[in-house]
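Novice: Handing you a structure now.
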Amino acid sequence: MPLVLRNSFTRRKEEFKPMVEGEVKMYTCGPTVYDYAHIGNFRAYVFEDLLRRYLKFKGYKVTQVMNLTDIDDKTIRDSQAAGISLKEHTDKFVKAFFADLDALRIERAEHYPAATEHIPEMVTLIKKLIDNGLAYQAEGSWYFKIDAFPDYGKLANIDKSGMKTGSRVATDEYEKESVSDFALWKAWDESDGDVFWETELGKGRPGWHIECSAMSSKYLGNHFDIHTGGVDNMFPHHENEIAQSEGANKEKFVNYWMHCEFLILEGRKMSKSLGNFYTLRDLLDKGHSSLAVRYQLLATHYRQQLNFTVDGLEQAAKALERYNDFVTNLTDYSGGESSGEAQGVIDKMLAEFEARMDEDLNISGALGAVFDFVREINRLRAENKLSADERDLALKAVDRIDGVLDFQQKKEALDSDIEALIVKRTEARKDKDFATSDKIRDDLLAMGIVLEDTPRGVKWKRKV
Ligand code: AMP
Ligand code: ZN
């Protein structure tokens, strides 16, 4: 069955055909590491994880790049406010980002290039734009001349008719109404402090948009299969990426653009600037599990807005419990007399799961098929109509779809189990039974849990 994806550029559903048979190259706009990412951001990253995993399910070899924006207006502003270097500031949030990715079971991309490590590539790209008559200098900074690029505005459907030619915008983010020549390279001024590079373009720093054009072409080539992001990335960021990449390289940039809708809270986009956001940490501190957050972020189709509620999170936890109880009970089941029904139930689920996901990642339909299967197999098990071979086939089918969903609990130690082991270790140390306490520490380490003895007691964290 062909995979059909909705291309935001053509605004149509299209059969997915990679440029190279069996391989997919995709670029996803990553975080600006000036603060903790919120779960609205993670909705975008979970959508990209679903896409990546489903492409692998379909047999493709995926090469994914996600950039880390560690230089922009916001990272400079906040590092200065914190009184530390840009690198020290962004390093902290890069670490936190990866810890959150792991907690949400977002598979690692193949490359995570940081903007500050690709300044020469950006300078080279800007020089190409200058050579092609698409960039000019004003007050020391370099701007993209959108009038000289007739295709500008095609992705976000921009009407350029009322635009004043030559008007410029220096900030990284701006609204559609202020569509203007945008900054490629920003000349240094005092507000940037010690953040600058001395380059052929002058002393300064890159604009936000240029990094994705430079880094995608370095790791994926000038022209590649899929580019993703949240809908707010469409303008100006992706529009500007297209202008830069196609303007510099004189070839098509991306075949399929995919954008996920917002996660909203009380009717408004979750965002840092509105102040209506939760980080993953906020939710874990309230006692929710990261797996329930994954479920909730994943279970609504990516092109529908997702209204985040605590009630939704609790329902997600219940669905996960049902799924995991099913796996546990089936694993423990020793097998009965086959009624000959199981094979059909398994085949139907696998076929429906794939058929629904092939329809532009119709996850609700796919999950519907999974829970029908859970109910049917549970019934056969309860009635002892499932043989041991059929049990194994059903478990294999779960493993196959779980490669996409990653909802199985078994891979992670529960917080309560960890706490219980820590109490045991503390008791062993009190009794001076260091052999036992060391063994517990090693066992926990093997489970990916690192302990730290502090004056206020033992602290633990999951290894990143
Ligand atoms: P940023 O760090 O602001 O560049 O955002 C990182 C990613 O999160 C981008 O792909 C955004 O489009 C996406 N994003 C930001 N807010 C939301 C939201 N409320 N819902 C879904 N995606 C979002
Ligand atoms: Zn980008």
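Every chain in the structure tokens takes a letter, A first, then B, and so on in the order presented; its residues are numbered from 1, and the ligands are numbered from 1 following the presented order.
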Quick one: residues within 10 Å of ligand 1, with only C-alpha atoms and all ligand atoms, as an MDAnalysis selection string?

Specialist: chainID A and resid 28:48 68:69 74 173 208 228:234 237 259:265 268:273 276:277 297 302 305:308

Novice: Which residues in region 325-380 of chain A does DSSP call alpha helix (DSSP H)? List them as number ranges by chain.

Specialist: A: 325-332, 342-358, 363-380

Novice: Could you pull out the strand (DSSP E) residues of region 144-279 of chain A, going by DSSP on the backbone, and write them as a compact mmCIF listing (two decimals) with all heavy atoms, in the first residue's frame?

Specialist:
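File written: states.txt
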```
# COMPACT_ATOMS: atom_id res chain seq x y z
N PHE A 144 18.21 39.53 2.75
CA PHE A 144 17.71 38.84 1.56
C PHE A 144 16.73 39.77 0.86
O PHE A 144 15.83 40.32 1.50
CB PHE A 144 17.01 37.53 1.95
CG PHE A 144 16.63 36.69 0.76
CD1 PHE A 144 17.48 35.68 0.33
CD2 PHE A 144 15.45 36.93 0.06
CE1 PHE A 144 17.15 34.92 -0.79
CE2 PHE A 144 15.11 36.18 -1.06
CZ PHE A 144 15.98 35.16 -1.48
N ARG A 168 12.74 46.50 5.48
CA ARG A 168 13.57 45.47 6.09
C ARG A 168 13.09 45.12 7.50
O ARG A 168 12.52 45.95 8.20
CB ARG A 168 15.02 45.96 6.20
CG ARG A 168 15.74 46.05 4.88
CD ARG A 168 17.21 46.33 5.11
NE ARG A 168 17.43 47.64 5.73
CZ ARG A 168 17.53 48.76 5.04
NH1 ARG A 168 17.42 48.74 3.73
NH2 ARG A 168 17.74 49.90 5.66
N VAL A 169 13.35 43.87 7.86
CA VAL A 169 13.06 43.45 9.23
C VAL A 169 14.32 42.80 9.79
O VAL A 169 14.92 41.93 9.15
CB VAL A 169 11.80 42.53 9.29
CG1 VAL A 169 11.92 41.34 8.34
CG2 VAL A 169 11.56 42.03 10.70
N ASP A 181 12.29 42.30 3.55
CA ASP A 181 13.63 41.73 3.39
C ASP A 181 14.12 41.35 4.78
O ASP A 181 14.05 42.14 5.71
CB ASP A 181 14.56 42.79 2.77
CG ASP A 181 14.17 43.09 1.32
OD1 ASP A 181 13.33 42.35 0.76
OD2 ASP A 181 14.70 44.07 0.77
N PHE A 182 14.60 40.12 4.90
CA PHE A 182 14.96 39.65 6.25
C PHE A 182 16.47 39.50 6.41
O PHE A 182 17.20 39.36 5.43
CB PHE A 182 14.24 38.33 6.54
CG PHE A 182 14.56 37.23 5.57
CD1 PHE A 182 15.61 36.35 5.79
CD2 PHE A 182 13.79 37.06 4.41
CE1 PHE A 182 15.92 35.35 4.89
CE2 PHE A 182 14.08 36.06 3.49
CZ PHE A 182 15.15 35.20 3.73
N ALA A 183 16.91 39.52 7.66
CA ALA A 183 18.34 39.52 7.96
C ALA A 183 18.97 38.15 7.76
O ALA A 183 18.48 37.15 8.29
CB ALA A 183 18.57 39.99 9.39
N LEU A 184 20.06 38.13 7.00
CA LEU A 184 20.85 36.90 6.83
C LEU A 184 22.03 36.93 7.80
O LEU A 184 22.40 35.91 8.38
CB LEU A 184 21.40 36.84 5.40
CG LEU A 184 20.37 36.78 4.27
CD1 LEU A 184 21.01 37.13 2.94
CD2 LEU A 184 19.74 35.39 4.22
N TRP A 185 22.59 38.11 7.94
CA TRP A 185 23.75 38.30 8.81
C TRP A 185 23.58 39.64 9.53
O TRP A 185 23.34 40.65 8.87
CB TRP A 185 25.03 38.32 7.95
CG TRP A 185 26.28 38.43 8.77
CD1 TRP A 185 27.01 39.56 9.03
CD2 TRP A 185 26.95 37.36 9.45
NE1 TRP A 185 28.08 39.26 9.82
CE2 TRP A 185 28.07 37.92 10.10
CE3 TRP A 185 26.69 35.99 9.60
CZ2 TRP A 185 28.94 37.15 10.87
CZ3 TRP A 185 27.57 35.23 10.36
CH2 TRP A 185 28.68 35.81 10.99
N LYS A 186 23.66 39.60 10.84
CA LYS A 186 23.40 40.83 11.60
C LYS A 186 24.71 41.42 12.10
O LYS A 186 25.45 40.75 12.83
CB LYS A 186 22.51 40.50 12.81
CG LYS A 186 21.19 39.84 12.42
CD LYS A 186 20.31 39.66 13.63
CE LYS A 186 19.09 38.88 13.26
NZ LYS A 186 18.03 38.95 14.26
N ALA A 187 24.94 42.67 11.70
CA ALA A 187 26.16 43.34 12.14
C ALA A 187 26.15 43.46 13.66
O ALA A 187 25.09 43.65 14.27
CB ALA A 187 26.24 44.73 11.51
N TRP A 197 31.14 36.88 15.42
CA TRP A 197 32.15 36.20 14.62
C TRP A 197 32.73 37.22 13.63
O TRP A 197 31.96 38.03 13.09
CB TRP A 197 31.54 35.03 13.85
CG TRP A 197 31.24 33.84 14.70
CD1 TRP A 197 32.05 32.75 14.88
CD2 TRP A 197 30.07 33.60 15.49
NE1 TRP A 197 31.43 31.86 15.75
CE2 TRP A 197 30.22 32.36 16.14
CE3 TRP A 197 28.90 34.34 15.75
CZ2 TRP A 197 29.27 31.82 17.00
CZ3 TRP A 197 27.94 33.81 16.61
CH2 TRP A 197 28.13 32.56 17.23
N GLU A 198 34.03 37.18 13.48
CA GLU A 198 34.67 38.04 12.47
C GLU A 198 34.71 37.23 11.18
O GLU A 198 35.39 36.20 11.11
CB GLU A 198 36.12 38.36 12.87
CG GLU A 198 36.25 39.22 14.12
CD GLU A 198 36.13 40.71 13.83
OE1 GLU A 198 35.77 41.08 12.67
OE2 GLU A 198 36.39 41.50 14.75
N THR A 199 33.96 37.62 10.18
CA THR A 199 33.92 36.85 8.93
C THR A 199 34.03 37.79 7.74
O THR A 199 34.07 39.02 7.91
CB THR A 199 32.59 36.08 8.77
OG1 THR A 199 31.57 37.02 8.45
CG2 THR A 199 32.21 35.33 10.04
N GLY A 202 31.73 40.61 7.66
CA GLY A 202 31.86 41.62 8.71
C GLY A 202 31.72 40.98 10.07
O GLY A 202 31.49 39.76 10.19
N LYS A 203 31.88 41.81 11.10
CA LYS A 203 31.76 41.32 12.48
C LYS A 203 30.27 41.23 12.82
O LYS A 203 29.55 42.21 12.68
CB LYS A 203 32.45 42.33 13.40
CG LYS A 203 32.32 42.05 14.88
CD LYS A 203 33.12 43.10 15.68
CE LYS A 203 32.88 42.95 17.16
NZ LYS A 203 33.67 43.91 17.96
N GLY A 204 29.83 40.05 13.21
CA GLY A 204 28.40 39.93 13.50
C GLY A 204 28.00 38.51 13.81
O GLY A 204 28.82 37.70 14.25
N ARG A 205 26.76 38.23 13.56
CA ARG A 205 26.22 36.88 13.83
C ARG A 205 25.13 36.56 12.81
O ARG A 205 24.55 37.48 12.20
CB ARG A 205 25.66 36.82 15.24
CG ARG A 205 24.50 37.79 15.47
CD ARG A 205 23.95 37.64 16.86
NE ARG A 205 22.97 38.65 17.20
CZ ARG A 205 21.66 38.48 17.23
NH1 ARG A 205 21.13 37.32 16.86
NH2 ARG A 205 20.85 39.45 17.59
N PRO A 206 24.84 35.25 12.64
CA PRO A 206 23.84 34.90 11.62
C PRO A 206 22.42 35.22 12.08
O PRO A 206 22.13 35.22 13.28
CB PRO A 206 24.02 33.39 11.48
CG PRO A 206 24.62 32.94 12.79
CD PRO A 206 25.43 34.08 13.30
N PHE A 224 16.19 17.54 -0.87
CA PHE A 224 15.92 16.30 -0.12
C PHE A 224 14.41 16.07 0.01
O PHE A 224 13.61 16.87 -0.51
CB PHE A 224 16.64 16.32 1.24
CG PHE A 224 16.32 17.52 2.09
CD1 PHE A 224 15.30 17.49 3.00
CD2 PHE A 224 17.08 18.68 1.96
CE1 PHE A 224 15.00 18.60 3.78
CE2 PHE A 224 16.79 19.81 2.75
CZ PHE A 224 15.75 19.75 3.66
N ASP A 225 14.04 14.99 0.72
CA ASP A 225 12.64 14.53 0.66
C ASP A 225 11.64 15.33 1.51
O ASP A 225 10.65 15.83 0.99
CB ASP A 225 12.57 13.05 1.11
CG ASP A 225 13.37 12.14 0.21
OD1 ASP A 225 13.02 12.04 -0.98
OD2 ASP A 225 14.36 11.55 0.68
N ILE A 226 11.87 15.35 2.83
CA ILE A 226 10.82 15.87 3.73
C ILE A 226 11.40 16.93 4.66
O ILE A 226 12.50 16.78 5.18
CB ILE A 226 10.23 14.73 4.61
CG1 ILE A 226 9.70 13.58 3.75
CG2 ILE A 226 9.12 15.26 5.51
CD1 ILE A 226 9.12 12.41 4.56
N HIS A 227 10.62 17.99 4.86
CA HIS A 227 10.98 19.01 5.84
C HIS A 227 9.77 19.21 6.73
O HIS A 227 8.66 19.38 6.24
CB HIS A 227 11.35 20.30 5.11
CG HIS A 227 12.06 21.31 5.96
ND1 HIS A 227 11.66 21.64 7.23
CD2 HIS A 227 13.18 22.05 5.73
CE1 HIS A 227 12.48 22.56 7.73
NE2 HIS A 227 13.42 22.82 6.85
N THR A 228 9.99 19.19 8.05
CA THR A 228 8.85 19.30 8.97
C THR A 228 9.04 20.44 9.97
O THR A 228 10.14 20.96 10.14
CB THR A 228 8.70 18.01 9.81
OG1 THR A 228 9.90 17.86 10.58
CG2 THR A 228 8.49 16.80 8.95
N GLY A 229 7.94 20.73 10.66
CA GLY A 229 7.96 21.73 11.73
C GLY A 229 6.54 21.96 12.20
O GLY A 229 5.61 21.32 11.72
N GLY A 230 6.39 22.89 13.14
CA GLY A 230 5.04 23.27 13.56
C GLY A 230 4.49 24.29 12.57
O GLY A 230 5.25 24.89 11.80
N VAL A 254 12.97 21.17 -1.26
CA VAL A 254 12.29 20.11 -0.52
C VAL A 254 11.12 19.57 -1.33
O VAL A 254 10.37 20.34 -1.94
CB VAL A 254 11.77 20.68 0.82
CG1 VAL A 254 10.80 19.75 1.49
CG2 VAL A 254 12.92 21.01 1.76
N ASN A 255 10.92 18.24 -1.30
CA ASN A 255 9.77 17.67 -2.03
C ASN A 255 8.47 17.69 -1.24
O ASN A 255 7.42 17.95 -1.78
CB ASN A 255 10.09 16.23 -2.45
CG ASN A 255 11.07 16.19 -3.61
OD1 ASN A 255 11.38 17.24 -4.21
ND2 ASN A 255 11.57 15.02 -3.93
N TYR A 256 8.54 17.38 0.06
CA TYR A 256 7.32 17.32 0.88
C TYR A 256 7.52 18.17 2.14
O TYR A 256 8.43 17.91 2.93
CB TYR A 256 7.00 15.88 1.32
CG TYR A 256 6.83 14.92 0.17
CD1 TYR A 256 7.93 14.28 -0.38
CD2 TYR A 256 5.57 14.66 -0.38
CE1 TYR A 256 7.80 13.41 -1.45
CE2 TYR A 256 5.43 13.79 -1.45
CZ TYR A 256 6.55 13.17 -1.98
OH TYR A 256 6.41 12.30 -3.03
N TRP A 257 6.64 19.14 2.31
CA TRP A 257 6.64 19.95 3.54
C TRP A 257 5.52 19.44 4.43
O TRP A 257 4.38 19.28 3.96
CB TRP A 257 6.39 21.42 3.22
CG TRP A 257 7.56 22.11 2.63
CD1 TRP A 257 7.85 22.24 1.31
CD2 TRP A 257 8.62 22.77 3.35
NE1 TRP A 257 9.03 22.94 1.15
CE2 TRP A 257 9.51 23.27 2.38
CE3 TRP A 257 8.89 22.98 4.70
CZ2 TRP A 257 10.66 23.98 2.72
CZ3 TRP A 257 10.04 23.68 5.04
CH2 TRP A 257 10.92 24.17 4.08
N MET A 258 5.81 19.18 5.69
CA MET A 258 4.76 18.72 6.61
C MET A 258 4.79 19.56 7.88
O MET A 258 5.85 19.77 8.48
CB MET A 258 4.96 17.24 6.94
CG MET A 258 4.76 16.35 5.72
SD MET A 258 5.03 14.62 6.11
CE MET A 258 3.58 14.26 7.09
N HIS A 259 3.60 20.02 8.28
CA HIS A 259 3.52 20.89 9.46
C HIS A 259 2.47 20.38 10.43
O HIS A 259 1.36 20.04 10.02
CB HIS A 259 3.17 22.31 9.02
CG HIS A 259 4.26 22.96 8.23
ND1 HIS A 259 4.27 22.97 6.86
CD2 HIS A 259 5.41 23.56 8.64
CE1 HIS A 259 5.39 23.58 6.45
NE2 HIS A 259 6.08 23.94 7.51
N CYS A 260 2.82 20.38 11.69
CA CYS A 260 1.85 19.90 12.67
C CYS A 260 1.15 21.09 13.32
O CYS A 260 1.75 22.16 13.49
CB CYS A 260 2.52 18.95 13.66
SG CYS A 260 2.85 19.61 15.25
N LEU A 263 -0.58 22.67 19.76
CA LEU A 263 -1.16 22.20 21.01
C LEU A 263 -1.69 23.47 21.68
O LEU A 263 -0.98 24.49 21.75
CB LEU A 263 -0.06 21.56 21.87
CG LEU A 263 -0.52 21.05 23.22
CD1 LEU A 263 0.06 19.66 23.43
CD2 LEU A 263 -0.08 21.93 24.34
N ILE A 264 -2.93 23.41 22.11
CA ILE A 264 -3.52 24.62 22.69
C ILE A 264 -3.93 24.37 24.14
O ILE A 264 -4.18 23.23 24.56
CB ILE A 264 -4.73 25.13 21.88
CG1 ILE A 264 -5.78 24.02 21.72
CG2 ILE A 264 -4.32 25.65 20.53
CD1 ILE A 264 -7.08 24.52 21.10
N LEU A 265 -3.97 25.44 24.89
CA LEU A 265 -4.38 25.37 26.29
C LEU A 265 -5.44 26.45 26.48
O LEU A 265 -5.17 27.62 26.18
CB LEU A 265 -3.16 25.64 27.18
CG LEU A 265 -3.31 25.34 28.66
CD1 LEU A 265 -3.39 23.85 28.89
CD2 LEU A 265 -2.13 25.91 29.43
N ARG A 268 -5.93 28.77 23.49
CA ARG A 268 -4.84 29.55 22.90
C ARG A 268 -3.59 28.69 22.70
O ARG A 268 -3.34 27.77 23.47
CB ARG A 268 -4.48 30.74 23.80
CG ARG A 268 -5.62 31.74 23.89
CD ARG A 268 -5.16 33.05 24.44
NE ARG A 268 -4.54 32.89 25.76
CZ ARG A 268 -3.90 33.88 26.39
NH1 ARG A 268 -3.79 35.05 25.82
NH2 ARG A 268 -3.38 33.68 27.58
N LYS A 269 -2.83 29.02 21.67
CA LYS A 269 -1.58 28.30 21.40
C LYS A 269 -0.71 28.30 22.65
O LYS A 269 -0.53 29.34 23.28
CB LYS A 269 -0.83 29.01 20.26
CG LYS A 269 0.54 28.40 20.00
CD LYS A 269 1.43 29.31 19.15
CE LYS A 269 2.84 28.73 19.10
NZ LYS A 269 3.83 29.63 18.51
```

Novice: List the neighbours of region 239-241 of chain A out to 12 Å using only C-alpha atoms; skip same-chain residues closer than 6 positions along the sequence, and give me the result as a ChimeraX atom specification.

Specialist: /A:8-9,27,29,125,143-146,149,151-158,172-174,176,179-184,207-217,222,227,231-233,247-249,252-254,257

Novice: Compile the contact shell of region 319-325 of chain A as number ranges by chain: residues with an atom at most 8 Å away, counting only C-alpha atoms, same-chain residues fewer than 2 positions apart removed.

Specialist: A: 292, 295, 315-317, 327-329, 371, 374, 407-409

Novice: Do you have the CA of Ala135 (chain A)-CA of Tyr219 (chain A) distance handy?

Specialist: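 Separation of CA of Ala135 (chain A) and CA of Tyr219 (chain A): 24.0 Å.
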
Novice: For Gly287 (chain A), work out the shell of residues within 12 Å, counting only C-alpha atoms and skipping chain neighbours fewer than 5 positions away, then give it as number ranges by chain.

Specialist: A: 280-282, 292-293, 310, 313-314, 317, 414-416

Novice: Using only C-alpha atoms, which protein or nucleic acid residues come within 7 Å of Ser387 (chain A)? Drop anything in the same chain fewer than 4 positions from it, and give the result as number ranges by chain.

Specialist: A: 335-338, 391

Novice: Write out, as a tab-separated table (two decimals), in the first residue's frame, the residues just selected, with N, CA, C and O atoms.

Specialist:
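That gives us selection_8.tsv:
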```
chain	number	residue	atom	x	y	z
A	335	GLY	N	-1.46	-20.70	27.35
A	335	GLY	CA	-2.00	-21.22	26.08
A	335	GLY	C	-3.10	-22.23	26.29
A	335	GLY	O	-3.07	-23.02	27.23
A	336	GLY	N	-4.10	-22.19	25.40
A	336	GLY	CA	-5.22	-23.14	25.49
A	336	GLY	C	-5.45	-23.79	24.14
A	336	GLY	O	-4.52	-23.93	23.33
A	337	GLU	N	-6.72	-24.12	23.89
A	337	GLU	CA	-7.10	-24.80	22.64
A	337	GLU	C	-7.48	-23.73	21.60
A	337	GLU	O	-8.37	-22.92	21.86
A	338	SER	N	-6.84	-23.74	20.44
A	338	SER	CA	-7.15	-22.71	19.44
A	338	SER	C	-8.56	-22.86	18.89
A	338	SER	O	-9.02	-23.97	18.61
A	391	ARG	N	-0.64	-17.08	20.82
A	391	ARG	CA	-0.20	-16.09	21.81
A	391	ARG	C	1.10	-15.44	21.32
A	391	ARG	O	1.24	-14.22	21.30
```

Novice: Find the spatial neighbours of Arg425 (chain A), counting only C-alpha atoms, within a cut-off of 10 Å - ignore same-chain residues fewer than 6 positions away - and output them as a list in words.

Specialist: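 Here the answer would be Glu419, Asp431, Asp433, Phe434, Thr436, Ser437, Asp438, Lys439, Ile440, Arg441 and Val458 of chain A.
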
Novice: How would the residues just picked look written out with C-alpha atoms as a JSON list (two decimals), in the first residue's frame?

Specialist:
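Result saved to selection_8.json:
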```
[["chain", "number", "residue", "atom", "x", "y", "z"],
["A", 419, "GLU", "CA", 12.33, 4.69, 45.38],
["A", 431, "ASP", "CA", 23.49, -1.43, 58.96],
["A", 433, "ASP", "CA", 26.09, -3.77, 54.94],
["A", 434, "PHE", "CA", 28.08, -2.16, 52.16],
["A", 436, "THR", "CA", 24.29, -4.99, 49.67],
["A", 437, "SER", "CA", 24.21, -1.21, 49.31],
["A", 438, "ASP", "CA", 26.84, -1.31, 46.55],
["A", 439, "LYS", "CA", 24.96, -4.06, 44.77],
["A", 440, "ILE", "CA", 21.74, -2.02, 44.82],
["A", 441, "ARG", "CA", 23.61, 0.99, 43.44],
["A", 458, "VAL", "CA", 19.86, 10.49, 48.11]]
```

Novice: Considering only C-alpha atoms and all ligand atoms, can you say which of A:Pro120, A:Pro236, A:Gly59, A:Gly193 comes closest to ligand 2?

Specialist: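 Checking each of A:Pro120, A:Pro236, A:Gly59, A:Gly193 against ligand 2, counting only C-alpha atoms and all ligand atoms, the winner is A:Pro236.
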